$ cat start_19.csv   # CSV, C-alpha atoms
chain,number,residue,atom,x,y,z
C,1,MET,CA,-41.0,60.2,-58.8
C,2,LEU,CA,-42.4,63.5,-57.8
C,3,ARG,CA,-45.5,64.8,-59.5
C,4,THR,CA,-44.2,67.9,-61.2
C,5,PRO,CA,-46.1,69.4,-64.1
C,6,ALA,CA,-43.5,67.9,-66.5
C,7,TRP,CA,-44.0,64.5,-64.9
C,8,LYS,CA,-47.7,64.7,-65.4
C,9,ARG,CA,-47.3,65.5,-69.1
C,10,TYR,CA,-44.8,62.6,-69.4
C,11,ASN,CA,-47.3,60.3,-67.8
C,12,TRP,CA,-50.0,61.3,-70.2
C,13,ARG,CA,-47.7,60.8,-73.2
C,14,VAL,CA,-46.8,57.3,-71.9
C,15,VAL,CA,-50.5,56.4,-71.5
C,16,TRP,CA,-51.3,57.4,-75.1
C,17,LEU,CA,-48.2,55.7,-76.4
C,18,SER,CA,-49.0,52.5,-74.5
C,19,LEU,CA,-52.5,52.5,-76.0
C,20,ALA,CA,-51.0,53.0,-79.5
C,21,TYR,CA,-48.6,50.1,-78.8
C,22,ALA,CA,-51.4,47.8,-77.8
C,23,VAL,CA,-53.4,48.7,-81.0
C,24,PHE,CA,-50.4,48.4,-83.3
C,25,LEU,CA,-49.2,45.2,-81.8
C,26,ILE,CA,-52.6,43.5,-82.0
C,27,GLY,CA,-53.1,44.9,-85.5
C,28,ALA,CA,-49.7,43.7,-86.7
C,29,ALA,CA,-50.2,40.3,-85.1
C,30,LEU,CA,-53.6,39.9,-86.8
C,31,GLY,CA,-52.3,41.2,-90.1
C,32,PHE,CA,-49.5,38.6,-90.2
C,33,ARG,CA,-51.6,35.7,-88.8
C,34,HIS,CA,-54.3,36.2,-91.5
C,35,HIS,CA,-51.7,37.0,-94.2
C,36,TYR,CA,-53.1,40.4,-94.9
C,37,VAL,CA,-49.7,41.9,-95.4
C,38,SER,CA,-46.8,40.9,-97.6
C,39,GLY,CA,-43.8,42.4,-99.5
C,40,VAL,CA,-42.6,45.8,-98.6
C,41,CYS,CA,-45.8,46.5,-96.7
C,42,ALA,CA,-44.9,43.7,-94.3
C,43,TYR,CA,-41.8,45.5,-93.1
C,44,GLY,CA,-43.8,48.6,-92.3
C,45,VAL,CA,-46.4,46.7,-90.4
C,46,ALA,CA,-43.8,44.7,-88.5
C,47,ILE,CA,-42.1,48.0,-87.4
C,48,LEU,CA,-45.4,49.6,-86.3
C,49,PRO,CA,-45.4,48.2,-82.7
C,50,ALA,CA,-41.8,49.5,-82.3
C,51,LEU,CA,-42.8,53.1,-83.0
C,52,PRO,CA,-44.7,53.8,-79.7
C,53,VAL,CA,-41.9,52.1,-77.7
C,54,ILE,CA,-39.4,54.4,-79.4
C,55,GLY,CA,-41.9,57.2,-78.6
C,56,ILE,CA,-41.8,56.3,-74.9
C,57,ILE,CA,-38.0,56.6,-75.0
C,58,GLY,CA,-38.4,60.0,-76.7
C,59,ALA,CA,-41.0,60.9,-74.0
C,60,ILE,CA,-38.4,60.3,-71.3
C,61,GLY,CA,-35.9,62.5,-73.2
C,62,ARG,CA,-38.6,65.2,-73.6
C,63,TYR,CA,-39.4,64.9,-69.8
C,64,LEU,CA,-35.7,65.5,-69.1
C,65,VAL,CA,-35.8,68.7,-71.2
C,66,GLU,CA,-39.1,70.0,-69.7
C,67,GLU,CA,-38.4,69.1,-66.1
C,68,GLU,CA,-37.7,72.5,-64.3
C,69,ASP,CA,-36.8,71.0,-60.9
C,70,GLU,CA,-33.1,70.3,-61.4
C,71,TYR,CA,-33.0,67.8,-58.5
C,72,VAL,CA,-35.9,65.8,-59.8
C,73,ARG,CA,-34.3,65.9,-63.2
C,74,MET,CA,-31.1,64.6,-61.8
C,75,LEU,CA,-32.9,61.7,-60.2
C,76,MET,CA,-34.3,60.7,-63.6
C,77,VAL,CA,-30.9,61.0,-65.3
C,78,ARG,CA,-29.5,58.7,-62.6
C,79,GLN,CA,-32.3,56.2,-63.3
C,80,THR,CA,-31.7,56.3,-67.1
C,81,LEU,CA,-28.0,55.7,-66.5
C,82,TRP,CA,-28.7,52.7,-64.3
C,83,ALA,CA,-31.2,51.4,-66.9
C,84,SER,CA,-28.7,51.8,-69.7
C,85,GLY,CA,-25.9,50.2,-67.8
C,86,PHE,CA,-28.1,47.3,-66.6
C,87,SER,CA,-29.7,46.6,-70.0
C,88,LEU,CA,-26.4,46.9,-72.0
C,89,SER,CA,-24.7,44.6,-69.5
C,90,ALA,CA,-27.5,42.1,-69.6
C,91,ALA,CA,-27.6,42.1,-73.4
C,92,THR,CA,-23.8,41.6,-73.6
C,93,ILE,CA,-23.9,38.7,-71.2
C,94,TRP,CA,-26.9,37.2,-72.9
C,95,GLY,CA,-25.2,37.6,-76.3
C,96,PHE,CA,-22.1,35.7,-75.3
C,97,LEU,CA,-24.1,32.9,-73.6
C,98,GLU,CA,-26.2,32.7,-76.8
C,99,SER,CA,-23.1,32.7,-79.1
C,100,PHE,CA,-21.6,29.7,-77.2
C,101,GLU,CA,-25.1,28.0,-77.5
C,102,LEU,CA,-25.5,27.8,-73.7
C,103,ILE,CA,-28.9,29.4,-73.8
C,104,GLY,CA,-31.7,29.9,-76.3
C,105,ARG,CA,-32.2,32.9,-78.7
C,106,VAL,CA,-34.2,35.8,-77.4
C,107,ASP,CA,-35.8,38.5,-79.6
C,108,GLY,CA,-33.8,41.7,-79.6
C,109,TYR,CA,-36.6,44.0,-78.5
C,110,TYR,CA,-36.5,42.5,-75.1
C,111,VAL,CA,-33.6,44.7,-74.4
C,112,VAL,CA,-36.1,47.6,-74.1
C,113,VAL,CA,-38.1,45.6,-71.5
C,114,VAL,CA,-34.8,45.1,-69.5
C,115,TRP,CA,-34.1,48.8,-69.9
C,116,PHE,CA,-37.5,49.7,-68.4
C,117,PHE,CA,-36.8,47.2,-65.6
C,118,GLY,CA,-33.5,49.0,-65.1
C,119,LEU,CA,-35.4,52.3,-64.6
C,120,GLY,CA,-37.0,50.6,-61.6
C,121,ILE,CA,-33.6,49.5,-60.3
C,122,GLY,CA,-32.4,53.1,-60.7
C,123,GLY,CA,-35.4,54.3,-58.7
C,124,VAL,CA,-34.5,51.9,-55.9
C,125,VAL,CA,-30.9,53.0,-56.0
C,126,ASN,CA,-32.0,56.6,-55.7
C,127,LYS,CA,-34.1,55.7,-52.7
C,128,LEU,CA,-31.3,53.8,-51.0
C,129,THR,CA,-28.6,56.4,-51.6
C,130,LEU,CA,-30.6,59.6,-51.3
C,131,GLY,CA,-33.1,58.5,-48.7
C,132,GLU,CA,-36.4,60.5,-48.5
C,133,GLY,CA,-35.4,62.8,-51.4
C,134,GLY,CA,-34.6,59.9,-53.7
C,135,CYS,CA,-38.2,59.1,-54.6
E,1,MET,CA,-21.3,70.8,-49.7
E,2,ARG,CA,-22.1,72.1,-46.3
E,3,ASN,CA,-24.6,75.0,-46.0
E,4,ARG,CA,-26.6,77.0,-43.6
E,5,LEU,CA,-29.9,76.5,-45.3
E,6,LYS,CA,-31.6,74.7,-42.4
E,7,VAL,CA,-30.5,77.5,-39.9
E,8,LEU,CA,-31.6,80.3,-42.2
E,9,ARG,CA,-34.9,78.6,-42.8
E,10,ALA,CA,-35.4,78.0,-39.0
E,11,GLU,CA,-34.7,81.7,-38.3
E,12,ARG,CA,-37.6,82.6,-40.5
E,13,ASP,CA,-39.8,79.9,-39.1
E,14,TRP,CA,-40.2,78.4,-42.6
E,15,SER,CA,-40.9,74.7,-43.2
E,16,GLN,CA,-39.1,72.9,-46.0
E,17,SER,CA,-42.3,73.2,-48.0
E,18,ASP,CA,-42.4,77.0,-47.4
E,19,LEU,CA,-38.9,77.4,-48.7
E,20,ALA,CA,-39.6,75.0,-51.6
E,21,ASP,CA,-42.6,77.1,-52.6
E,22,ARG,CA,-40.5,80.3,-52.5
E,23,LEU,CA,-37.8,78.8,-54.6
E,24,GLN,CA,-40.3,77.0,-56.9
E,25,VAL,CA,-38.7,73.7,-56.4
E,26,SER,CA,-39.9,70.4,-54.8
E,27,ARG,CA,-39.6,69.9,-51.0
E,28,GLN,CA,-37.4,67.0,-51.7
E,29,SER,CA,-35.0,69.3,-53.5
E,30,VAL,CA,-34.8,71.5,-50.4
E,31,ASN,CA,-34.3,68.4,-48.2
E,32,ALA,CA,-31.5,67.1,-50.4
E,33,ILE,CA,-29.7,70.4,-50.5
E,34,GLU,CA,-30.0,70.9,-46.7
E,35,THR,CA,-28.6,67.5,-45.9
E,36,GLY,CA,-25.8,68.0,-48.4
E,37,LYS,CA,-26.9,65.1,-50.6
E,38,TYR,CA,-27.3,67.5,-53.6
E,39,ASP,CA,-25.3,70.6,-54.6
E,40,PRO,CA,-27.5,73.1,-56.3
E,41,SER,CA,-26.6,74.6,-59.7
E,42,LEU,CA,-25.2,78.1,-59.7
E,43,PRO,CA,-28.6,79.6,-60.9
E,44,LEU,CA,-30.4,77.9,-58.0
E,45,ALA,CA,-27.7,78.9,-55.5
E,46,PHE,CA,-28.2,82.5,-56.6
E,47,ARG,CA,-31.9,82.2,-56.2
E,48,ILE,CA,-31.4,80.9,-52.7
E,49,ALA,CA,-28.9,83.6,-51.9
E,50,GLU,CA,-31.2,86.3,-53.2
E,51,LEU,CA,-34.2,84.9,-51.2
E,52,PHE,CA,-32.2,85.2,-48.0
E,53,GLY,CA,-30.6,88.5,-49.0
E,54,LEU,CA,-27.1,87.0,-48.6
E,55,ALA,CA,-24.1,86.2,-50.7
E,56,ILE,CA,-23.7,82.6,-51.9
E,57,GLU,CA,-20.6,82.1,-49.8
E,58,GLU,CA,-22.5,83.2,-46.7
E,59,ILE,CA,-24.8,80.2,-47.2
E,60,PHE,CA,-22.7,77.6,-48.8
E,61,THR,CA,-19.2,76.6,-47.6
E,62,SER,CA,-16.6,76.1,-50.3
E,63,PRO,CA,-15.6,72.5,-50.4
E,64,SER,CA,-11.9,73.6,-50.4
E,65,ARG,CA,-12.5,75.3,-47.1
E,66,GLU,CA,-14.7,72.7,-45.4
E,67,ASP,CA,-11.7,71.0,-43.6
E,68,ARG,CA,-10.3,74.3,-42.3
E,69,PRO,CA,-11.0,75.2,-38.7

$ encode --input "start_19.csv" --output "structure tokens"
Amino acid sequence: MLRTPAWKRYNWRVVWLSLAYAVFLIGAALGFRHHYVSGVCAYGVAILPALPVIGIIGAIGRYLVEEEDEYVRMLMVRQTLWASGFSLSAATIWGFLESFELIGRVDGYYVVVVWFFGLGIGGVVNKLTLGEGGC
Amino acid sequence: MRNRLKVLRAERDWSQSDLADRLQVSRQSVNAIETGKYDPSLPLAFRIAELFGLAIEEIFTSPSREDRP
């Protein structure tokens, strides 16, 4: 992706949110492992690592709002559409395979991981279909 | 959408980067518009037209007229 001012701001947000994710995940894991949390508090702590991940999705939305270069913005929109299509398709296929007990259960949050992988696929598709300008 | 952007740019001896700077867009945007891979929005098309001092239809060919001789 091109390094526009909006892209740089997006990158910084992702860096900070990634750091928050690491801290929250380690904190929550330690909290549960050592039985520091229980009751209603446990729900809050369990959700903590999800918040920065949701924040990254929000950062992508904010990037799309802030990006002033319409062509670059269009590239990111295409990437997010590819990511959404890919992750929803993968989740649907996995869900049916799981329902018929052909494969094991996977935690639901992996759909976000697949979505981020889909962003990469979208980037490759941009490059293949738009050539030099699709980066 | 076909356009005369490359010709107009060449007449002024501007590189894609020069044109991109003047339009305040990325060089990749200029490249994508020139090669017809991306159709600019109306506001950007107006900016391009104003930069060259021409009407939009003097730069961009209407898709409905592209097949006409």

$ residues_around --input "start_19.csv" --residues "stretch 117-127 of chain C" --least-positions-apart "2" --cutoff "8 Å" --atoms "only C-alpha atoms" --output "list in words"
Leu75, Arg78, Gln79, Thr80, Leu81, Trp82, Ala83, Ser84, Phe86, Ser87, Val113, Val114, Trp115, Thr129, Leu130, Gly131, Glu132, Gly133, Gly134 and Cys135 of chain C

$ interface_residues --input "start_19.csv" --of "chain E" --to "chain C" --cutoff "7 Å" --atoms "all atoms listed in the file" --output "list in words"
Val25, Ser26, Gln28, Ser29, Asn31, Ala32 and Lys37 of chain E

$ axis_aligned_box --input "start_19.csv" --around "stretch 43-48 of chain E" --padding-each-side "8 Å" --output "lines of an AutoDock Vina configuration file"
center_x = -29.8
center_y = 80.2
center_z = -56.8
size_x = 20.2
size_y = 20.6
size_z = 24.2

$ residues_around --input "start_19.csv" --residues "E:Ile33" --least-positions-apart "6" --cutoff "12 Å" --atoms "only C-alpha atoms" --output "list in words"
Glu70, Tyr71, Leu130 and Gly133 of chain C; Met1, Arg2, Asn3, Arg4, Leu5, Lys6, Gln16, Leu19, Ala20, Val25, Ser26, Arg27, Asp39, Pro40, Ser41, Leu44, Ala45, Ile48, Ile59 and Phe60 of chain E

$ atom_distance --input "start_19.csv" --atom1 "atom CA of C:Pro52" --atom2 "atom CA of C:His34"
23.3 Å

$ residues_around --input "start_19.csv" --residues "C:Asp107" --least-positions-apart "5" --cutoff "12 Å" --atoms "all atoms listed in the file" --output "PyMOL selection string"
chain C and resi 91+94-95+98+112-113
